[in-house]
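Asks: Below is the structure I would like to discuss, written out as structure tokens.
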Amino acid sequence: MTEVTDIAWILFVISIAALLALDLGVFNRKAHVIKPREALLQVAVFIAAAVLFNIGIYTWMGGEAGLEFTTGYIMELMLSVDNLFVFVIVFASFCVPQEDQHKVLFYGILGALLFRFAFIMAGVALVETFSWVLYIFGAFLIFTGIRMVTKKEEKAVEPDKNILVRGFRKIMPVTGNYEGDRFFVRKTDAAGRAVLWATPMLVTLLVVETTDILFAVDSIPAILGITTNPFIVFSSNAFAILGLRSMYFALAHIMSAFCYLKYGLAGILSFIGVKMLVVEIYHVPVVVSLAIILVILGVTIIASLIRNRRTGTCPEIVSVQADACPALRSLHADDAPAPMAETARSISKEIAEVKKGKE
């Protein structure tokens with residue numbers, strides 16, 4: 001394993017902090033609706049930063065470490081694209097205002113960085129202490145790849161089925177409506193005391209955070225199949241997820257163009273899983289792994305474009321929601337008296353029937 005100096009970690013932390021400051025202080029200093037063109041420019045900046053950092057790794061840590069970063073970055077970036085489909089569903093379910101979506105994703109990424117660091121360090125420690133853990137990770141990735149192909153389409157986000165949200169709501173009340181872009185507000189209770197309430201913005205953030213944790217369970221074992229160097233693993237992960245917010249706003253309107261993405265991601269996870277299972281028999285060179293991942297992604301994208309050109313849309317991608325703001329209405333219904341909750345359910349049913357009739 002290439003030795004990583006303290007200077008490398010310091011430069012990495014400075015780079016990440018600078019990119020976060022650029023994002024929040026320049027690109028998105030004021031809350032606004034991010035248009036696709038603006039988002040693509042931001043994506044280009046984040047990718048350029050990753051490329052420059054990668055060149056630094058090639059220069060000071062060697063070609064092998066540089067290839068490991070390149071492979072890990074590309075793989076994590078593509079696996080993160082799958083998160084974007086979930087973000088579409090989450091924001092549609094909670095009807096998060098477009099100008100406030102970046103704030104949710106920004107703080108979601110900060111939480112993701114902390115969780116990823118903890119998971120990566122734990123995973124590396126496990127692999128270095130118990131080498132047979134790689135076989136468990138490999139089998140898990142193959143299972144995940146199979147499940148990704150066979151699982152049903154995403155359904156509406158239901159906050160009451162999210163353990164973290166359910167536990168949070170037991171200790172803090174949640175307002176039924178948004179309060180600007182704030183996560184917390186103070187309201188006066190019947191006794192005239194100022195009580196702290198959470199807003200649906202915070203509930204949405206909790207859902208985004210727990211979603212990222214679930215995705216990390218897949219992506220971290222995958223990158224550990226490329227390298228167990230904690231610096232390479234975490235830095236490639238960090239640079240990939242930093243550009244995830246901008247990528248969401250750039251691709252949110254054309255998600256249906258990637259109908260075969262899940263098959264490509266399943267293929268990548270399965271390949272890495274097999275690579276980990278046969279490591280004692282044959283060590284797949286990093287450059288070969290990178291080439292195979294790029295070929296799988298290329299075939300997936302080309303197949304999706306051909307399908308869209310022939311049919312005009314991907315039939316595998318369906319409308320995200322049949323109802324209007326189902327998760328947000330659930331927050332209303334749970335805090336409302338029984339008659340109001342019943343009315344909300346009745347209205348929801350009527351909306352669904354009207355939309356069904358129009359189709």
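We name chains A, B, ... following the order of the structure tokens; residues begin at 1 in each chain, and ligands are numbered from 1 as shown.
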Mind checking which residues fall within 9 Å of Arg116 of chain A, counting only C-alpha atoms, ignoring those fewer than 2 positions away in the same chain, and posting them as a list in words?
Replies: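 These residues fall inside the cut-off: Gly111, Ala112, Leu113, Leu114, Ala118, Phe119, Ile120, Met121, Ile213, Ala216, Ile220, Phe234, Asn237 and Ala238 of chain A.
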Asks: Selection from above, C-alpha atoms, as a PDB file, in the first residue's frame, can you write it?
Replies:
ATOM      1  CA  GLY A 111     -23.658  14.360   6.536  1.00  0.00           C
ATOM      2  CA  ALA A 112     -22.756  11.884   3.800  1.00  0.00           C
ATOM      3  CA  LEU A 113     -19.064  12.831   4.060  1.00  0.00           C
ATOM      4  CA  LEU A 114     -19.042  12.154   7.793  1.00  0.00           C
ATOM      5  CA  ALA A 118     -16.724   6.374   9.452  1.00  0.00           C
ATOM      6  CA  PHE A 119     -17.904   3.489   7.230  1.00  0.00           C
ATOM      7  CA  ILE A 120     -14.714   3.496   5.142  1.00  0.00           C
ATOM      8  CA  MET A 121     -12.399   3.437   8.143  1.00  0.00           C
ATOM      9  CA  ILE A 213     -26.453   5.471   4.339  1.00  0.00           C
ATOM     10  CA  ALA A 216     -23.091   3.526   1.144  1.00  0.00           C
ATOM     11  CA  ILE A 220     -18.164   1.219  -0.039  1.00  0.00           C
ATOM     12  CA  PHE A 234     -12.320   8.290   0.950  1.00  0.00           C
ATOM     13  CA  ASN A 237     -15.770   8.975  -2.644  1.00  0.00           C
ATOM     14  CA  ALA A 238     -15.690  12.575  -1.413  1.00  0.00           C
TER      15      ALA A 238
END
Asks: Tell me, as an MDAnalysis selection string, which residues lie within 12 Å of Lys151 of chain A, counting only C-alpha atoms; anything in the same chain fewer than 6 positions away does not count.
Replies: chainID A and resid 143:145 262:263 266
Asks: Restricting the output to C-alpha atoms, write the selected residues as a PDB file, in the first residue's frame.
Replies:
ATOM      1  CA  PHE A 143     -26.436 -10.286  -4.446  1.00  0.00           C
ATOM      2  CA  THR A 144     -26.946  -6.505  -4.649  1.00  0.00           C
ATOM      3  CA  GLY A 145     -26.414  -6.562  -8.423  1.00  0.00           C
ATOM      4  CA  LYS A 262     -29.647  -0.036 -13.270  1.00  0.00           C
ATOM      5  CA  TYR A 263     -28.476  -2.918 -15.468  1.00  0.00           C
ATOM      6  CA  ALA A 266     -25.747  -4.158 -11.490  1.00  0.00           C
TER       7      ALA A 266
END
Asks: Of the candidates A:Ala44, A:Lys35, A:Ile241, A:Ile301, which shows the shortest atom-to-atom distance to Phe215 of chain A, using only C-alpha atoms?
Replies: A:Ile241
Asks: One number please: atom CA of Ala222 of chain A to atom CA of Tyr73 of chain A, in Å, one decimal.
Replies: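 Spanning atom CA of Ala222 of chain A to atom CA of Tyr73 of chain A is a straight-line distance of 11.4 Å.
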Asks: Would you please extract all helix (DSSP H, G or I) residues from segment 194-312 of chain A, as assigned by DSSP on the backbone, and give them as number ranges by chain?
Replies: A: 200-224, 230-242, 244-257, 261-277, 286-311
Asks: Restricting the calculation to only C-alpha atoms, which member of A:Val299, A:Val45, A:Ala125, A:Val279 is positioned closest to Gly267 of chain A?
Replies: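 Smallest separation from Gly267 of chain A among the options: A:Val299.
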Asks: Under the rule that only C-alpha atoms are counted, which of A:Leu67, A:Ala198, A:Ala31, A:Leu110 is the nearest residue to Gln98 of chain A?
Replies: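 Between A:Leu67, A:Ala198, A:Ala31, A:Leu110, the residue approaching Gln98 of chain A most closely is A:Ala31.
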Asks: Would you kindly return, as a ChimeraX atom specification, each protein, DNA or RNA residue with an atom no farther than 10 Å from any atom of Val104 of chain A, considering only C-alpha atoms and excluding same-chain residues fewer than 5 positions away?
Replies: /A:91,96,109,181,183,201-206,208-209,245
Asks: Write out as an mmCIF file with C-alpha atoms, in the first residue's frame the set of residues from segment 112-326 of chain A that DSSP, computed on the backbone, places in strand (DSSP E or B).
Replies:
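Everything below was put into part.cif:
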data_model
loop_
_atom_site.group_PDB
_atom_site.id
_atom_site.type_symbol
_atom_site.label_atom_id
_atom_site.label_comp_id
_atom_site.auth_asym_id
_atom_site.auth_seq_id
_atom_site.Cartn_x
_atom_site.Cartn_y
_atom_site.Cartn_z
ATOM 1 C CA VAL A 174 -43.168 18.919 12.862
ATOM 2 C CA PHE A 184 -36.510 24.864 12.697
ATOM 3 C CA VAL A 185 -39.034 27.497 13.821
ATOM 4 C CA ARG A 186 -40.382 28.647 17.175
ATOM 5 C CA LYS A 187 -44.122 28.679 17.767
ATOM 6 C CA THR A 188 -46.154 29.751 20.776
ATOM 7 C CA ALA A 194 -42.120 29.469 22.647
ATOM 8 C CA VAL A 195 -41.736 25.859 21.488
ATOM 9 C CA LEU A 196 -39.194 24.677 18.925
ATOM 10 C CA TRP A 197 -40.727 22.913 15.912
ATOM 11 C CA ALA A 198 -39.027 21.153 13.033
#
Asks: Between atom CA of Pro230 of chain A and atom CA of Asp6 of chain A, what is the distance in Å, rounded to a tenth?
Replies: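 Between atom CA of Pro230 of chain A and atom CA of Asp6 of chain A the gap is 12.9 Å.
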Asks: Residues of segment 35-126 of chain A that have any atom at most 12 Å from an atom of segment 11-25 of chain A: could you tabulate them with the shortest-distance atom pair and the distance in Å to one decimal, using only C-alpha atoms, ordered by chain and increasing number, as a Markdown table?
Replies:
| residue | atom | partner | partner_atom | distance |
| --- | --- | --- | --- | --- |
| A:Ala39 | CA | A:Asp23 | CA | 11.1 |
| A:Leu41 | CA | A:Asp23 | CA | 11.7 |
| A:Gln42 | CA | A:Asp23 | CA | 8.3 |
| A:Val43 | CA | A:Asp23 | CA | 10.7 |
| A:Val45 | CA | A:Leu19 | CA | 9.2 |
| A:Phe46 | CA | A:Leu19 | CA | 7.7 |
| A:Ile47 | CA | A:Leu19 | CA | 11.1 |
| A:Ala48 | CA | A:Leu19 | CA | 11.2 |
| A:Ala49 | CA | A:Leu19 | CA | 8.3 |
| A:Ala50 | CA | A:Ser15 | CA | 9.6 |
| A:Leu52 | CA | A:Ser15 | CA | 10.4 |
| A:Phe53 | CA | A:Phe12 | CA | 8.3 |
| A:Asn54 | CA | A:Phe12 | CA | 10.9 |
| A:Gly56 | CA | A:Leu11 | CA | 10.2 |
| A:Ile57 | CA | A:Phe12 | CA | 10.6 |
| A:His102 | CA | A:Leu24 | CA | 9.5 |
| A:Lys103 | CA | A:Leu24 | CA | 8.9 |
| A:Leu105 | CA | A:Leu24 | CA | 11.4 |
| A:Phe106 | CA | A:Leu24 | CA | 8.2 |
| A:Tyr107 | CA | A:Leu24 | CA | 10.5 |
| A:Ile109 | CA | A:Leu20 | CA | 9.8 |
| A:Leu110 | CA | A:Leu20 | CA | 9.1 |
| A:Leu113 | CA | A:Ile16 | CA | 10.2 |
Asks: The selected residues should be written to file as a PDB file, in the first residue's frame (atoms: N, CA, C and O atoms).
Replies:
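Printed below is out20.pdb as written:
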ATOM      1  N   ALA A  39     -26.227  24.226 -13.787  1.00  0.00           N
ATOM      2  CA  ALA A  39     -25.826  22.998 -13.100  1.00  0.00           C
ATOM      3  C   ALA A  39     -24.704  22.284 -13.848  1.00  0.00           C
ATOM      4  O   ALA A  39     -23.771  21.754 -13.236  1.00  0.00           O
ATOM      5  N   LEU A  41     -22.425  23.646 -15.685  1.00  0.00           N
ATOM      6  CA  LEU A  41     -21.194  24.393 -15.442  1.00  0.00           C
ATOM      7  C   LEU A  41     -20.598  24.003 -14.091  1.00  0.00           C
ATOM      8  O   LEU A  41     -19.376  23.810 -13.964  1.00  0.00           O
ATOM      9  N   GLN A  42     -21.449  23.864 -13.084  1.00  0.00           N
ATOM     10  CA  GLN A  42     -20.970  23.467 -11.763  1.00  0.00           C
ATOM     11  C   GLN A  42     -20.419  22.050 -11.779  1.00  0.00           C
ATOM     12  O   GLN A  42     -19.394  21.760 -11.148  1.00  0.00           O
ATOM     13  N   VAL A  43     -21.090  21.160 -12.511  1.00  0.00           N
ATOM     14  CA  VAL A  43     -20.592  19.782 -12.641  1.00  0.00           C
ATOM     15  C   VAL A  43     -19.201  19.786 -13.252  1.00  0.00           C
ATOM     16  O   VAL A  43     -18.294  19.067 -12.796  1.00  0.00           O
ATOM     17  N   VAL A  45     -16.957  22.114 -13.088  1.00  0.00           N
ATOM     18  CA  VAL A  45     -15.994  22.614 -12.103  1.00  0.00           C
ATOM     19  C   VAL A  45     -15.602  21.505 -11.129  1.00  0.00           C
ATOM     20  O   VAL A  45     -14.407  21.316 -10.832  1.00  0.00           O
ATOM     21  N   PHE A  46     -16.581  20.750 -10.645  1.00  0.00           N
ATOM     22  CA  PHE A  46     -16.285  19.686  -9.683  1.00  0.00           C
ATOM     23  C   PHE A  46     -15.488  18.548 -10.329  1.00  0.00           C
ATOM     24  O   PHE A  46     -14.594  17.973  -9.703  1.00  0.00           O
ATOM     25  N   ILE A  47     -15.808  18.219 -11.571  1.00  0.00           N
ATOM     26  CA  ILE A  47     -15.053  17.174 -12.267  1.00  0.00           C
ATOM     27  C   ILE A  47     -13.621  17.642 -12.519  1.00  0.00           C
ATOM     28  O   ILE A  47     -12.664  16.876 -12.348  1.00  0.00           O
ATOM     29  N   ALA A  48     -13.461  18.914 -12.901  1.00  0.00           N
ATOM     30  CA  ALA A  48     -12.124  19.458 -13.122  1.00  0.00           C
ATOM     31  C   ALA A  48     -11.294  19.420 -11.843  1.00  0.00           C
ATOM     32  O   ALA A  48     -10.092  19.101 -11.871  1.00  0.00           O
ATOM     33  N   ALA A  49     -11.934  19.723 -10.710  1.00  0.00           N
ATOM     34  CA  ALA A  49     -11.229  19.662  -9.428  1.00  0.00           C
ATOM     35  C   ALA A  49     -10.782  18.237  -9.122  1.00  0.00           C
ATOM     36  O   ALA A  49      -9.659  18.015  -8.637  1.00  0.00           O
ATOM     37  N   ALA A  50     -11.651  17.257  -9.410  1.00  0.00           N
ATOM     38  CA  ALA A  50     -11.292  15.850  -9.183  1.00  0.00           C
ATOM     39  C   ALA A  50     -10.137  15.425 -10.085  1.00  0.00           C
ATOM     40  O   ALA A  50      -9.232  14.693  -9.658  1.00  0.00           O
ATOM     41  N   LEU A  52      -7.755  17.387 -11.337  1.00  0.00           N
ATOM     42  CA  LEU A  52      -6.531  18.010 -10.834  1.00  0.00           C
ATOM     43  C   LEU A  52      -5.996  17.265  -9.613  1.00  0.00           C
ATOM     44  O   LEU A  52      -4.782  17.043  -9.485  1.00  0.00           O
ATOM     45  N   PHE A  53      -6.904  16.879  -8.723  1.00  0.00           N
ATOM     46  CA  PHE A  53      -6.487  16.118  -7.533  1.00  0.00           C
ATOM     47  C   PHE A  53      -5.927  14.768  -7.959  1.00  0.00           C
ATOM     48  O   PHE A  53      -4.936  14.284  -7.389  1.00  0.00           O
ATOM     49  N   ASN A  54      -6.549  14.152  -8.963  1.00  0.00           N
ATOM     50  CA  ASN A  54      -6.088  12.863  -9.469  1.00  0.00           C
ATOM     51  C   ASN A  54      -4.684  12.980 -10.073  1.00  0.00           C
ATOM     52  O   ASN A  54      -3.831  12.106  -9.892  1.00  0.00           O
ATOM     53  N   GLY A  56      -2.464  15.100  -9.136  1.00  0.00           N
ATOM     54  CA  GLY A  56      -1.567  15.202  -7.993  1.00  0.00           C
ATOM     55  C   GLY A  56      -1.229  13.843  -7.411  1.00  0.00           C
ATOM     56  O   GLY A  56      -0.072  13.569  -7.037  1.00  0.00           O
ATOM     57  N   ILE A  57      -2.228  12.943  -7.369  1.00  0.00           N
ATOM     58  CA  ILE A  57      -1.985  11.592  -6.858  1.00  0.00           C
ATOM     59  C   ILE A  57      -1.053  10.834  -7.797  1.00  0.00           C
ATOM     60  O   ILE A  57      -0.123  10.141  -7.351  1.00  0.00           O
ATOM     61  N   HIS A 102     -31.458  22.735  -3.184  1.00  0.00           N
ATOM     62  CA  HIS A 102     -29.994  22.721  -3.053  1.00  0.00           C
ATOM     63  C   HIS A 102     -29.580  22.721  -1.589  1.00  0.00           C
ATOM     64  O   HIS A 102     -28.606  22.051  -1.207  1.00  0.00           O
ATOM     65  N   LYS A 103     -30.289  23.470  -0.747  1.00  0.00           N
ATOM     66  CA  LYS A 103     -29.929  23.534   0.665  1.00  0.00           C
ATOM     67  C   LYS A 103     -30.046  22.163   1.321  1.00  0.00           C
ATOM     68  O   LYS A 103     -29.181  21.759   2.098  1.00  0.00           O
ATOM     69  N   LEU A 105     -29.792  19.253  -0.206  1.00  0.00           N
ATOM     70  CA  LEU A 105     -28.718  18.413  -0.728  1.00  0.00           C
ATOM     71  C   LEU A 105     -27.357  18.821  -0.163  1.00  0.00           C
ATOM     72  O   LEU A 105     -26.506  17.965   0.082  1.00  0.00           O
ATOM     73  N   PHE A 106     -27.149  20.127   0.045  1.00  0.00           N
ATOM     74  CA  PHE A 106     -25.864  20.591   0.569  1.00  0.00           C
ATOM     75  C   PHE A 106     -25.598  19.996   1.946  1.00  0.00           C
ATOM     76  O   PHE A 106     -24.538  19.415   2.195  1.00  0.00           O
ATOM     77  N   TYR A 107     -26.571  20.136   2.844  1.00  0.00           N
ATOM     78  CA  TYR A 107     -26.391  19.585   4.187  1.00  0.00           C
ATOM     79  C   TYR A 107     -26.432  18.061   4.162  1.00  0.00           C
ATOM     80  O   TYR A 107     -25.804  17.395   4.994  1.00  0.00           O
ATOM     81  N   ILE A 109     -25.064  16.280   1.818  1.00  0.00           N
ATOM     82  CA  ILE A 109     -23.718  15.872   1.414  1.00  0.00           C
ATOM     83  C   ILE A 109     -22.748  15.992   2.580  1.00  0.00           C
ATOM     84  O   ILE A 109     -21.861  15.147   2.753  1.00  0.00           O
ATOM     85  N   LEU A 110     -22.890  17.030   3.403  1.00  0.00           N
ATOM     86  CA  LEU A 110     -22.026  17.162   4.577  1.00  0.00           C
ATOM     87  C   LEU A 110     -22.175  15.957   5.497  1.00  0.00           C
ATOM     88  O   LEU A 110     -21.185  15.390   5.979  1.00  0.00           O
ATOM     89  N   LEU A 113     -20.516  12.874   3.912  1.00  0.00           N
ATOM     90  CA  LEU A 113     -19.064  12.831   4.060  1.00  0.00           C
ATOM     91  C   LEU A 113     -18.661  12.246   5.415  1.00  0.00           C
ATOM     92  O   LEU A 113     -17.736  11.433   5.507  1.00  0.00           O
TER      93      LEU A 113
END
Asks: Identify which of the residues A:Ile272, A:Ile171, A:Ile232, A:Ala92 lies closest to Phe140 of chain A, counting only C-alpha atoms when measuring atom-to-atom distances.
Replies: A:Ile272
Asks: Take atom CA of Val207 of chain A and atom CA of Val90 of chain A and report the distance between them in Å, one decimal.
Replies: 7.6 Å
Asks: Which residues come within 12 Å of Ile296 of chain A, counting only C-alpha atoms, excluding same-chain residues fewer than 6 positions away, as a PDB file with C-alpha atoms, in the first residue's frame?
Replies:
ATOM      1  CA  ILE A  74     -15.763   6.906 -11.828  1.00  0.00           C
ATOM      2  CA  MET A  75     -17.404   3.931 -10.132  1.00  0.00           C
ATOM      3  CA  MET A  78     -21.924   6.308 -11.540  1.00  0.00           C
ATOM      4  CA  TYR A 260     -30.882   0.820 -18.613  1.00  0.00           C
ATOM      5  CA  LEU A 261     -28.708   2.451 -15.951  1.00  0.00           C
ATOM      6  CA  LYS A 262     -29.647  -0.036 -13.270  1.00  0.00           C
ATOM      7  CA  TYR A 263     -28.476  -2.918 -15.468  1.00  0.00           C
ATOM      8  CA  GLY A 264     -25.121  -1.224 -15.954  1.00  0.00           C
ATOM      9  CA  LEU A 265     -24.741  -0.577 -12.232  1.00  0.00           C
ATOM     10  CA  ALA A 266     -25.747  -4.158 -11.490  1.00  0.00           C
ATOM     11  CA  GLY A 267     -23.084  -5.343 -13.927  1.00  0.00           C
ATOM     12  CA  ILE A 268     -20.415  -3.195 -12.248  1.00  0.00           C
ATOM     13  CA  LEU A 269     -21.306  -4.388  -8.747  1.00  0.00           C
ATOM     14  CA  SER A 270     -21.369  -8.018  -9.898  1.00  0.00           C
ATOM     15  CA  PHE A 271     -17.985  -7.647 -11.625  1.00  0.00           C
ATOM     16  CA  SER A 289     -11.018  -3.047 -13.829  1.00  0.00           C
ATOM     17  CA  LEU A 290     -11.211   0.548 -15.049  1.00  0.00           C
ATOM     18  CA  ILE A 302     -25.628   3.738 -25.814  1.00  0.00           C
ATOM     19  CA  ALA A 303     -28.382   1.125 -25.304  1.00  0.00           C
TER      20      ALA A 303
END
